[in-house]
>>> print(open('start36.pdb').read())   # PDB, N, CA and C atoms, pLDDT in the B column
ATOM      1  N   MET P 275     -13.463  57.072 -26.680  1.00 54.00           N
ATOM      2  CA  MET P 275     -14.401  56.603 -27.683  1.00 54.00           C
ATOM      3  C   MET P 275     -13.964  57.079 -29.072  1.00 54.00           C
ATOM      4  N   PHE P 276     -13.582  58.336 -29.152  1.00 55.00           N
ATOM      5  CA  PHE P 276     -13.160  58.904 -30.433  1.00 55.00           C
ATOM      6  C   PHE P 276     -11.912  58.192 -30.958  1.00 55.00           C
ATOM      7  N   LEU P 277     -10.958  57.910 -30.066  1.00 55.00           N
ATOM      8  CA  LEU P 277      -9.735  57.221 -30.480  1.00 55.00           C
ATOM      9  C   LEU P 277     -10.028  55.803 -30.955  1.00 55.00           C
ATOM     10  N   ALA P 278     -10.952  55.144 -30.325  1.00 56.00           N
ATOM     11  CA  ALA P 278     -11.305  53.784 -30.725  1.00 56.00           C
ATOM     12  C   ALA P 278     -11.937  53.778 -32.118  1.00 56.00           C
ATOM     13  N   GLU P 279     -12.747  54.771 -32.417  1.00 59.00           N
ATOM     14  CA  GLU P 279     -13.357  54.859 -33.744  1.00 59.00           C
ATOM     15  C   GLU P 279     -12.304  55.134 -34.803  1.00 59.00           C
ATOM     16  N   ASN P 280     -11.350  56.015 -34.507  1.00 62.00           N
ATOM     17  CA  ASN P 280     -10.278  56.312 -35.456  1.00 62.00           C
ATOM     18  C   ASN P 280      -9.400  55.096 -35.700  1.00 62.00           C
ATOM     19  N   ALA P 281      -9.109  54.343 -34.649  1.00 57.00           N
ATOM     20  CA  ALA P 281      -8.275  53.149 -34.791  1.00 57.00           C
ATOM     21  C   ALA P 281      -8.980  52.095 -35.637  1.00 57.00           C
ATOM     22  N   SER P 282     -10.276  51.931 -35.454  1.00 60.00           N
ATOM     23  CA  SER P 282     -10.995  50.919 -36.235  1.00 60.00           C
ATOM     24  C   SER P 282     -11.090  51.311 -37.702  1.00 60.00           C
ATOM     25  N   THR P 283     -11.246  52.587 -38.002  1.00 61.00           N
ATOM     26  CA  THR P 283     -11.294  52.990 -39.412  1.00 61.00           C
ATOM     27  C   THR P 283      -9.918  52.908 -40.048  1.00 61.00           C
ATOM     28  N   ALA P 284      -8.867  53.187 -39.279  1.00 57.00           N
ATOM     29  CA  ALA P 284      -7.506  53.076 -39.813  1.00 57.00           C
ATOM     30  C   ALA P 284      -7.178  51.619 -40.119  1.00 57.00           C
ATOM     31  N   LEU P 285      -7.601  50.714 -39.252  1.00 59.00           N
ATOM     32  CA  LEU P 285      -7.344  49.293 -39.503  1.00 59.00           C
ATOM     33  C   LEU P 285      -8.168  48.773 -40.674  1.00 59.00           C
ATOM     34  N   ALA P 286      -9.319  49.361 -40.903  1.00 66.00           N
ATOM     35  CA  ALA P 286     -10.140  48.932 -42.033  1.00 66.00           C
ATOM     36  C   ALA P 286      -9.482  49.317 -43.358  1.00 66.00           C
ATOM     37  N   LYS P 287      -8.683  50.386 -43.367  1.00 72.00           N
ATOM     38  CA  LYS P 287      -8.006  50.837 -44.583  1.00 72.00           C
ATOM     39  C   LYS P 287      -6.688  50.116 -44.817  1.00 72.00           C
ATOM     40  N   PHE P 288      -6.176  49.428 -43.804  1.00 74.00           N
ATOM     41  CA  PHE P 288      -4.875  48.774 -43.897  1.00 74.00           C
ATOM     42  C   PHE P 288      -5.025  47.403 -44.550  1.00 74.00           C
ATOM     43  N   ASP P 289      -4.106  47.111 -45.470  1.00 83.00           N
ATOM     44  CA  ASP P 289      -4.093  45.824 -46.161  1.00 83.00           C
ATOM     45  C   ASP P 289      -2.716  45.197 -45.959  1.00 83.00           C
ATOM     46  N   PRO P 290      -2.621  43.904 -45.703  1.00 85.00           N
ATOM     47  CA  PRO P 290      -1.302  43.281 -45.526  1.00 85.00           C
ATOM     48  C   PRO P 290      -0.390  43.429 -46.746  1.00 85.00           C
ATOM     49  N   MET P 291      -0.941  43.631 -47.911  1.00 90.00           N
ATOM     50  CA  MET P 291      -0.125  43.832 -49.100  1.00 90.00           C
ATOM     51  C   MET P 291       0.651  45.150 -49.022  1.00 90.00           C
ATOM     52  N   ASP P 292       0.183  46.082 -48.192  1.00 89.00           N
ATOM     53  CA  ASP P 292       0.889  47.352 -48.020  1.00 89.00           C
ATOM     54  C   ASP P 292       2.299  47.135 -47.479  1.00 89.00           C
ATOM     55  N   ILE P 293       2.456  46.183 -46.587  1.00 92.00           N
ATOM     56  CA  ILE P 293       3.787  45.868 -46.049  1.00 92.00           C
ATOM     57  C   ILE P 293       4.676  45.353 -47.174  1.00 92.00           C
ATOM     58  N   MET P 294       4.133  44.507 -48.040  1.00 94.00           N
ATOM     59  CA  MET P 294       4.917  43.984 -49.162  1.00 94.00           C
ATOM     60  C   MET P 294       5.334  45.115 -50.105  1.00 94.00           C
ATOM     61  N   MET P 295       4.454  46.065 -50.343  1.00 94.00           N
ATOM     62  CA  MET P 295       4.800  47.205 -51.194  1.00 94.00           C
ATOM     63  C   MET P 295       5.964  47.993 -50.610  1.00 94.00           C
ATOM     64  N   LEU P 296       5.922  48.234 -49.307  1.00 95.00           N
ATOM     65  CA  LEU P 296       7.009  48.960 -48.659  1.00 95.00           C
ATOM     66  C   LEU P 296       8.316  48.173 -48.714  1.00 95.00           C
ATOM     67  N   LEU P 297       8.244  46.855 -48.489  1.00 96.00           N
ATOM     68  CA  LEU P 297       9.455  46.024 -48.546  1.00 96.00           C
ATOM     69  C   LEU P 297      10.034  45.971 -49.959  1.00 96.00           C
ATOM     70  N   PHE P 298       9.183  45.841 -50.963  1.00 97.00           N
ATOM     71  CA  PHE P 298       9.667  45.841 -52.349  1.00 97.00           C
ATOM     72  C   PHE P 298      10.349  47.165 -52.693  1.00 97.00           C
ATOM     73  N   THR P 299       9.792  48.264 -52.202  1.00 97.00           N
ATOM     74  CA  THR P 299      10.394  49.571 -52.460  1.00 97.00           C
ATOM     75  C   THR P 299      11.778  49.660 -51.825  1.00 97.00           C
ATOM     76  N   ILE P 300      11.920  49.145 -50.622  1.00 98.00           N
ATOM     77  CA  ILE P 300      13.220  49.155 -49.948  1.00 98.00           C
ATOM     78  C   ILE P 300      14.227  48.293 -50.705  1.00 98.00           C
ATOM     79  N   VAL P 301      13.791  47.118 -51.174  1.00 98.00           N
ATOM     80  CA  VAL P 301      14.687  46.227 -51.925  1.00 98.00           C
ATOM     81  C   VAL P 301      15.111  46.877 -53.246  1.00 98.00           C
ATOM     82  N   ILE P 302      14.177  47.525 -53.934  1.00 98.00           N
ATOM     83  CA  ILE P 302      14.511  48.208 -55.184  1.00 98.00           C
ATOM     84  C   ILE P 302      15.491  49.347 -54.913  1.00 98.00           C
ATOM     85  N   PHE P 303      15.291  50.072 -53.818  1.00 98.00           N
ATOM     86  CA  PHE P 303      16.198  51.169 -53.476  1.00 98.00           C
ATOM     87  C   PHE P 303      17.612  50.646 -53.194  1.00 98.00           C
ATOM     88  N   ILE P 304      17.718  49.539 -52.468  1.00 98.00           N
ATOM     89  CA  ILE P 304      19.030  48.945 -52.199  1.00 98.00           C
ATOM     90  C   ILE P 304      19.698  48.515 -53.504  1.00 98.00           C
ATOM     91  N   GLY P 305      18.936  47.904 -54.400  1.00 97.00           N
ATOM     92  CA  GLY P 305      19.481  47.510 -55.695  1.00 97.00           C
ATOM     93  C   GLY P 305      19.917  48.706 -56.519  1.00 97.00           C
ATOM     94  N   TRP P 306      19.164  49.783 -56.459  1.00 96.00           N
ATOM     95  CA  TRP P 306      19.507  51.005 -57.197  1.00 96.00           C
ATOM     96  C   TRP P 306      20.822  51.591 -56.687  1.00 96.00           C
ATOM     97  N   ILE P 307      20.980  51.608 -55.364  1.00 97.00           N
ATOM     98  CA  ILE P 307      22.225  52.106 -54.774  1.00 97.00           C
ATOM     99  C   ILE P 307      23.401  51.233 -55.210  1.00 97.00           C
ATOM    100  N   ARG P 308      23.221  49.925 -55.212  1.00 96.00           N
ATOM    101  CA  ARG P 308      24.301  49.022 -55.625  1.00 96.00           C
ATOM    102  C   ARG P 308      24.661  49.223 -57.100  1.00 96.00           C
ATOM    103  N   LEU P 309      23.664  49.484 -57.942  1.00 95.00           N
ATOM    104  CA  LEU P 309      23.943  49.743 -59.352  1.00 95.00           C
ATOM    105  C   LEU P 309      24.695  51.058 -59.544  1.00 95.00           C
ATOM    106  N   ILE P 310      24.330  52.066 -58.786  1.00 95.00           N
ATOM    107  CA  ILE P 310      25.000  53.357 -58.882  1.00 95.00           C
ATOM    108  C   ILE P 310      26.451  53.258 -58.398  1.00 95.00           C
ATOM    109  N   MET P 311      26.685  52.456 -57.367  1.00 95.00           N
ATOM    110  CA  MET P 311      28.014  52.346 -56.770  1.00 95.00           C
ATOM    111  C   MET P 311      28.904  51.321 -57.478  1.00 95.00           C
ATOM    112  N   ALA P 312      28.426  50.654 -58.508  1.00 93.00           N
ATOM    113  CA  ALA P 312      29.220  49.647 -59.223  1.00 93.00           C
ATOM    114  C   ALA P 312      30.473  50.297 -59.797  1.00 93.00           C
ATOM    115  N   ARG P 313      31.623  49.713 -59.522  1.00 89.00           N
ATOM    116  CA  ARG P 313      32.900  50.321 -59.900  1.00 89.00           C
ATOM    117  C   ARG P 313      33.354  49.997 -61.322  1.00 89.00           C
ATOM    118  N   PRO P 314      33.573  48.731 -61.659  1.00 90.00           N
ATOM    119  CA  PRO P 314      34.244  48.502 -62.946  1.00 90.00           C
ATOM    120  C   PRO P 314      33.415  48.954 -64.145  1.00 90.00           C
ATOM    121  N   LYS P 315      32.159  48.573 -64.193  1.00 90.00           N
ATOM    122  CA  LYS P 315      31.346  48.893 -65.364  1.00 90.00           C
ATOM    123  C   LYS P 315      29.895  49.070 -64.926  1.00 90.00           C
ATOM    124  N   LYS P 316      29.318  50.220 -65.243  1.00 91.00           N
ATOM    125  CA  LYS P 316      27.925  50.480 -64.900  1.00 91.00           C
ATOM    126  C   LYS P 316      27.041  50.167 -66.101  1.00 91.00           C
ATOM    127  N   SER P 317      25.870  49.652 -65.815  1.00 93.00           N
ATOM    128  CA  SER P 317      24.911  49.341 -66.864  1.00 93.00           C
ATOM    129  C   SER P 317      23.850  50.442 -66.915  1.00 93.00           C
ATOM    130  N   PRO P 318      23.898  51.295 -67.930  1.00 94.00           N
ATOM    131  CA  PRO P 318      22.914  52.389 -67.986  1.00 94.00           C
ATOM    132  C   PRO P 318      21.480  51.896 -68.125  1.00 94.00           C
ATOM    133  N   PHE P 319      21.280  50.784 -68.845  1.00 96.00           N
ATOM    134  CA  PHE P 319      19.924  50.247 -68.984  1.00 96.00           C
ATOM    135  C   PHE P 319      19.389  49.789 -67.634  1.00 96.00           C
ATOM    136  N   ALA P 320      20.209  49.079 -66.874  1.00 95.00           N
ATOM    137  CA  ALA P 320      19.771  48.596 -65.561  1.00 95.00           C
ATOM    138  C   ALA P 320      19.511  49.752 -64.611  1.00 95.00           C
ATOM    139  N   ILE P 321      20.350  50.772 -64.656  1.00 96.00           N
ATOM    140  CA  ILE P 321      20.152  51.932 -63.796  1.00 96.00           C
ATOM    141  C   ILE P 321      18.853  52.653 -64.181  1.00 96.00           C
ATOM    142  N   GLY P 322      18.602  52.822 -65.463  1.00 97.00           N
ATOM    143  CA  GLY P 322      17.373  53.474 -65.912  1.00 97.00           C
ATOM    144  C   GLY P 322      16.131  52.677 -65.564  1.00 97.00           C
ATOM    145  N   PHE P 323      16.182  51.375 -65.787  1.00 97.00           N
ATOM    146  CA  PHE P 323      15.039  50.514 -65.485  1.00 97.00           C
ATOM    147  C   PHE P 323      14.740  50.539 -63.985  1.00 97.00           C
ATOM    148  N   THR P 324      15.787  50.459 -63.175  1.00 97.00           N
ATOM    149  CA  THR P 324      15.599  50.469 -61.727  1.00 97.00           C
ATOM    150  C   THR P 324      15.107  51.831 -61.249  1.00 97.00           C
ATOM    151  N   THR P 325      15.559  52.902 -61.877  1.00 98.00           N
ATOM    152  CA  THR P 325      15.094  54.238 -61.514  1.00 98.00           C
ATOM    153  C   THR P 325      13.602  54.386 -61.787  1.00 98.00           C
ATOM    154  N   VAL P 326      13.164  53.902 -62.939  1.00 98.00           N
ATOM    155  CA  VAL P 326      11.732  53.968 -63.268  1.00 98.00           C
ATOM    156  C   VAL P 326      10.920  53.123 -62.288  1.00 98.00           C
ATOM    157  N   ALA P 327      11.392  51.919 -61.990  1.00 98.00           N
ATOM    158  CA  ALA P 327      10.685  51.052 -61.038  1.00 98.00           C
ATOM    159  C   ALA P 327      10.620  51.699 -59.658  1.00 98.00           C
ATOM    160  N   LEU P 328      11.727  52.312 -59.235  1.00 98.00           N
ATOM    161  CA  LEU P 328      11.758  52.971 -57.928  1.00 98.00           C
ATOM    162  C   LEU P 328      10.787  54.146 -57.889  1.00 98.00           C
ATOM    163  N   LEU P 329      10.724  54.929 -58.956  1.00 98.00           N
ATOM    164  CA  LEU P 329       9.788  56.054 -59.000  1.00 98.00           C
ATOM    165  C   LEU P 329       8.332  55.586 -58.964  1.00 98.00           C
ATOM    166  N   VAL P 330       8.035  54.515 -59.687  1.00 97.00           N
ATOM    167  CA  VAL P 330       6.665  53.984 -59.694  1.00 97.00           C
ATOM    168  C   VAL P 330       6.283  53.478 -58.303  1.00 97.00           C
ATOM    169  N   PHE P 331       7.181  52.721 -57.674  1.00 97.00           N
ATOM    170  CA  PHE P 331       6.876  52.202 -56.344  1.00 97.00           C
ATOM    171  C   PHE P 331       6.809  53.319 -55.308  1.00 97.00           C
ATOM    172  N   ALA P 332       7.683  54.321 -55.425  1.00 97.00           N
ATOM    173  CA  ALA P 332       7.638  55.440 -54.487  1.00 97.00           C
ATOM    174  C   ALA P 332       6.320  56.210 -54.621  1.00 97.00           C
ATOM    175  N   PHE P 333       5.860  56.415 -55.849  1.00 96.00           N
ATOM    176  CA  PHE P 333       4.577  57.089 -56.055  1.00 96.00           C
ATOM    177  C   PHE P 333       3.418  56.254 -55.504  1.00 96.00           C
ATOM    178  N   ALA P 334       3.475  54.936 -55.723  1.00 95.00           N
ATOM    179  CA  ALA P 334       2.428  54.054 -55.196  1.00 95.00           C
ATOM    180  C   ALA P 334       2.414  54.084 -53.670  1.00 95.00           C
ATOM    181  N   ASN P 335       3.591  54.117 -53.062  1.00 94.00           N
ATOM    182  CA  ASN P 335       3.661  54.199 -51.603  1.00 94.00           C
ATOM    183  C   ASN P 335       3.135  55.538 -51.098  1.00 94.00           C
ATOM    184  N   TYR P 336       3.443  56.614 -51.811  1.00 94.00           N
ATOM    185  CA  TYR P 336       2.920  57.930 -51.436  1.00 94.00           C
ATOM    186  C   TYR P 336       1.387  57.922 -51.450  1.00 94.00           C
ATOM    187  N   VAL P 337       0.810  57.404 -52.520  1.00 92.00           N
ATOM    188  CA  VAL P 337      -0.648  57.349 -52.619  1.00 92.00           C
ATOM    189  C   VAL P 337      -1.207  56.443 -51.530  1.00 92.00           C
ATOM    190  N   MET P 338      -0.564  55.309 -51.308  1.00 91.00           N
ATOM    191  CA  MET P 338      -1.034  54.346 -50.318  1.00 91.00           C
ATOM    192  C   MET P 338      -1.039  54.961 -48.920  1.00 91.00           C
ATOM    193  N   ILE P 339       0.000  55.684 -48.572  1.00 89.00           N
ATOM    194  CA  ILE P 339       0.110  56.203 -47.212  1.00 89.00           C
ATOM    195  C   ILE P 339      -0.713  57.476 -47.022  1.00 89.00           C
ATOM    196  N   PHE P 340      -0.527  58.460 -47.904  1.00 90.00           N
ATOM    197  CA  PHE P 340      -1.146  59.760 -47.661  1.00 90.00           C
ATOM    198  C   PHE P 340      -2.570  59.877 -48.172  1.00 90.00           C
ATOM    199  N   LYS P 341      -2.962  59.100 -49.150  1.00 88.00           N
ATOM    200  CA  LYS P 341      -4.315  59.221 -49.685  1.00 88.00           C
ATOM    201  C   LYS P 341      -5.260  58.151 -49.144  1.00 88.00           C
ATOM    202  N   VAL P 342      -4.718  57.008 -48.713  1.00 85.00           N
ATOM    203  CA  VAL P 342      -5.580  55.926 -48.236  1.00 85.00           C
ATOM    204  C   VAL P 342      -5.507  55.810 -46.712  1.00 85.00           C
ATOM    205  N   TRP P 343      -4.307  55.646 -46.170  1.00 83.00           N
ATOM    206  CA  TRP P 343      -4.177  55.454 -44.730  1.00 83.00           C
ATOM    207  C   TRP P 343      -4.593  56.687 -43.949  1.00 83.00           C
ATOM    208  N   LEU P 344      -4.153  57.861 -44.379  1.00 81.00           N
ATOM    209  CA  LEU P 344      -4.389  59.070 -43.606  1.00 81.00           C
ATOM    210  C   LEU P 344      -5.605  59.862 -44.087  1.00 81.00           C
ATOM    211  N   ALA P 345      -6.377  59.295 -44.978  1.00 74.00           N
ATOM    212  CA  ALA P 345      -7.559  60.016 -45.502  1.00 74.00           C
ATOM    213  C   ALA P 345      -8.734  59.909 -44.541  1.00 74.00           C
TER     214      ALA P 345
END
>>> encode(input="start36.pdb", output="structure tokens")
Amino acid sequence: MFLAENASTALAKFDPMDIMMLLFTIVIFIGWIRLIMARPKKSPFAIGFTTVALLVFAFANYVMIFKVWLA
């Protein structure tokens, strides 16, 4: 009974957009790695912009998982 109540409250906190947030974070991370590994010429603006975007998405994912899902 206790497990069923926990599962229903966990599902109530879950939103399908959460999967999209996680996927976007993975795509941004892959792009960041590709920018860092670029051989002939690196773009510092693109690396900085992607780093900021990755940090924002990583923080949003942290809040989404640890403050909403597991609260």
>>> select_by_dssp(input="start36.pdb", residues="chain P", states="helix (DSSP H, G or I)", output="PyMOL selection string")
chain P and resi 276-287+291-310+318-343
>>> atom_distance(input="start36.pdb", atom1="atom N of P:Leu297", atom2="atom C of P:Leu329")
13.6 Å
>>> closest_residue(input="start36.pdb", among="P:Tyr336, P:Phe298, P:Trp343, P:Trp306", to="P:Thr324", atoms="only N, CA and C atoms")
P:Trp306
>>> closest_residue(input="start36.pdb", among="P:Gly322, P:Val337, P:Leu328, P:Lys315", to="P:Ile302", atoms="only N, CA and C atoms")
P:Leu328
>>> atom_distance(input="start36.pdb", atom1="atom CA of P:Thr299", atom2="atom CA of P:Ala332")
6.8 Å
>>> atom_distance(input="start36.pdb", atom1="atom C of P:Ile293", atom2="atom N of P:Leu309")
22.2 Å
>>> axis_aligned_box(input="start36.pdb", around="stretch 327-345 of chain P", padding_each_side="3 Å", output="JSON")
{"center_x": 1.5, "center_y": 55.5, "center_z": -52.8, "size_x": 26.5, "size_y": 15.0, "size_z": 24.4}
>>> build_atoms(input="start36.pdb", residues="stretch 313-324 of chain P", atoms="all heavy atoms", output="mmCIF file, in the coordinates of the input")
data_model
loop_
_atom_site.group_PDB
_atom_site.id
_atom_site.type_symbol
_atom_site.label_atom_id
_atom_site.label_comp_id
_atom_site.auth_asym_id
_atom_site.auth_seq_id
_atom_site.Cartn_x
_atom_site.Cartn_y
_atom_site.Cartn_z
ATOM 1 N N ARG P 313 31.623 49.713 -59.522
ATOM 2 C CA ARG P 313 32.900 50.321 -59.900
ATOM 3 C C ARG P 313 33.354 49.997 -61.322
ATOM 4 O O ARG P 313 33.539 50.894 -62.114
ATOM 5 C CB ARG P 313 33.983 49.909 -58.898
ATOM 6 C CG ARG P 313 33.849 50.594 -57.583
ATOM 7 C CD ARG P 313 34.257 52.017 -57.711
ATOM 8 N NE ARG P 313 34.006 52.687 -56.444
ATOM 9 C CZ ARG P 313 33.947 53.959 -56.304
ATOM 10 N NH1 ARG P 313 34.106 54.748 -57.325
ATOM 11 N NH2 ARG P 313 33.733 54.495 -55.133
ATOM 12 N N PRO P 314 33.573 48.731 -61.659
ATOM 13 C CA PRO P 314 34.244 48.502 -62.946
ATOM 14 C C PRO P 314 33.415 48.954 -64.145
ATOM 15 O O PRO P 314 33.898 49.664 -65.009
ATOM 16 C CB PRO P 314 34.495 47.008 -62.992
ATOM 17 C CG PRO P 314 33.790 46.412 -61.855
ATOM 18 C CD PRO P 314 33.298 47.500 -60.962
ATOM 19 N N LYS P 315 32.159 48.573 -64.193
ATOM 20 C CA LYS P 315 31.346 48.893 -65.364
ATOM 21 C C LYS P 315 29.895 49.070 -64.926
ATOM 22 O O LYS P 315 29.314 48.178 -64.319
ATOM 23 C CB LYS P 315 31.466 47.771 -66.385
ATOM 24 C CG LYS P 315 30.798 48.067 -67.692
ATOM 25 C CD LYS P 315 31.039 46.943 -68.688
ATOM 26 C CE LYS P 315 30.362 47.266 -69.992
ATOM 27 N NZ LYS P 315 30.515 46.182 -70.949
ATOM 28 N N LYS P 316 29.318 50.220 -65.243
ATOM 29 C CA LYS P 316 27.925 50.480 -64.900
ATOM 30 C C LYS P 316 27.041 50.167 -66.101
ATOM 31 O O LYS P 316 27.408 50.415 -67.233
ATOM 32 C CB LYS P 316 27.745 51.933 -64.481
ATOM 33 C CG LYS P 316 28.501 52.276 -63.235
ATOM 34 C CD LYS P 316 28.253 53.707 -62.821
ATOM 35 C CE LYS P 316 29.113 53.959 -61.603
ATOM 36 N NZ LYS P 316 28.773 55.118 -60.879
ATOM 37 N N SER P 317 25.870 49.652 -65.815
ATOM 38 C CA SER P 317 24.911 49.341 -66.864
ATOM 39 C C SER P 317 23.850 50.442 -66.915
ATOM 40 O O SER P 317 22.993 50.516 -66.034
ATOM 41 C CB SER P 317 24.256 47.987 -66.584
ATOM 42 O OG SER P 317 23.219 47.762 -67.494
ATOM 43 N N PRO P 318 23.898 51.295 -67.930
ATOM 44 C CA PRO P 318 22.914 52.389 -67.986
ATOM 45 C C PRO P 318 21.480 51.896 -68.125
ATOM 46 O O PRO P 318 20.559 52.504 -67.576
ATOM 47 C CB PRO P 318 23.319 53.193 -69.213
ATOM 48 C CG PRO P 318 24.591 52.646 -69.713
ATOM 49 C CD PRO P 318 24.873 51.369 -68.997
ATOM 50 N N PHE P 319 21.280 50.784 -68.845
ATOM 51 C CA PHE P 319 19.924 50.247 -68.984
ATOM 52 C C PHE P 319 19.389 49.789 -67.634
ATOM 53 O O PHE P 319 18.239 50.082 -67.274
ATOM 54 C CB PHE P 319 19.906 49.080 -69.973
ATOM 55 C CG PHE P 319 18.556 48.428 -70.087
ATOM 56 C CD1 PHE P 319 17.536 49.032 -70.790
ATOM 57 C CD2 PHE P 319 18.302 47.216 -69.461
ATOM 58 C CE1 PHE P 319 16.290 48.445 -70.881
ATOM 59 C CE2 PHE P 319 17.070 46.619 -69.550
ATOM 60 C CZ PHE P 319 16.054 47.237 -70.261
ATOM 61 N N ALA P 320 20.209 49.079 -66.874
ATOM 62 C CA ALA P 320 19.771 48.596 -65.561
ATOM 63 C C ALA P 320 19.511 49.752 -64.611
ATOM 64 O O ALA P 320 18.539 49.727 -63.841
ATOM 65 C CB ALA P 320 20.822 47.651 -64.970
ATOM 66 N N ILE P 321 20.350 50.772 -64.656
ATOM 67 C CA ILE P 321 20.152 51.932 -63.796
ATOM 68 C C ILE P 321 18.853 52.653 -64.181
ATOM 69 O O ILE P 321 18.063 53.036 -63.309
ATOM 70 C CB ILE P 321 21.366 52.876 -63.870
ATOM 71 C CG1 ILE P 321 22.588 52.215 -63.231
ATOM 72 C CG2 ILE P 321 21.062 54.207 -63.183
ATOM 73 C CD1 ILE P 321 23.881 52.972 -63.446
ATOM 74 N N GLY P 322 18.602 52.822 -65.463
ATOM 75 C CA GLY P 322 17.373 53.474 -65.912
ATOM 76 C C GLY P 322 16.131 52.677 -65.564
ATOM 77 O O GLY P 322 15.135 53.232 -65.091
ATOM 78 N N PHE P 323 16.182 51.375 -65.787
ATOM 79 C CA PHE P 323 15.039 50.514 -65.485
ATOM 80 C C PHE P 323 14.740 50.539 -63.985
ATOM 81 O O PHE P 323 13.580 50.649 -63.570
ATOM 82 C CB PHE P 323 15.339 49.080 -65.939
ATOM 83 C CG PHE P 323 14.159 48.165 -65.850
ATOM 84 C CD1 PHE P 323 13.260 48.079 -66.886
ATOM 85 C CD2 PHE P 323 13.959 47.383 -64.721
ATOM 86 C CE1 PHE P 323 12.163 47.234 -66.812
ATOM 87 C CE2 PHE P 323 12.875 46.534 -64.630
ATOM 88 C CZ PHE P 323 11.971 46.462 -65.678
ATOM 89 N N THR P 324 15.787 50.459 -63.175
ATOM 90 C CA THR P 324 15.599 50.469 -61.727
ATOM 91 C C THR P 324 15.107 51.831 -61.249
ATOM 92 O O THR P 324 14.294 51.912 -60.326
ATOM 93 C CB THR P 324 16.910 50.099 -61.018
ATOM 94 O OG1 THR P 324 17.387 48.864 -61.557
ATOM 95 C CG2 THR P 324 16.713 49.941 -59.535
#
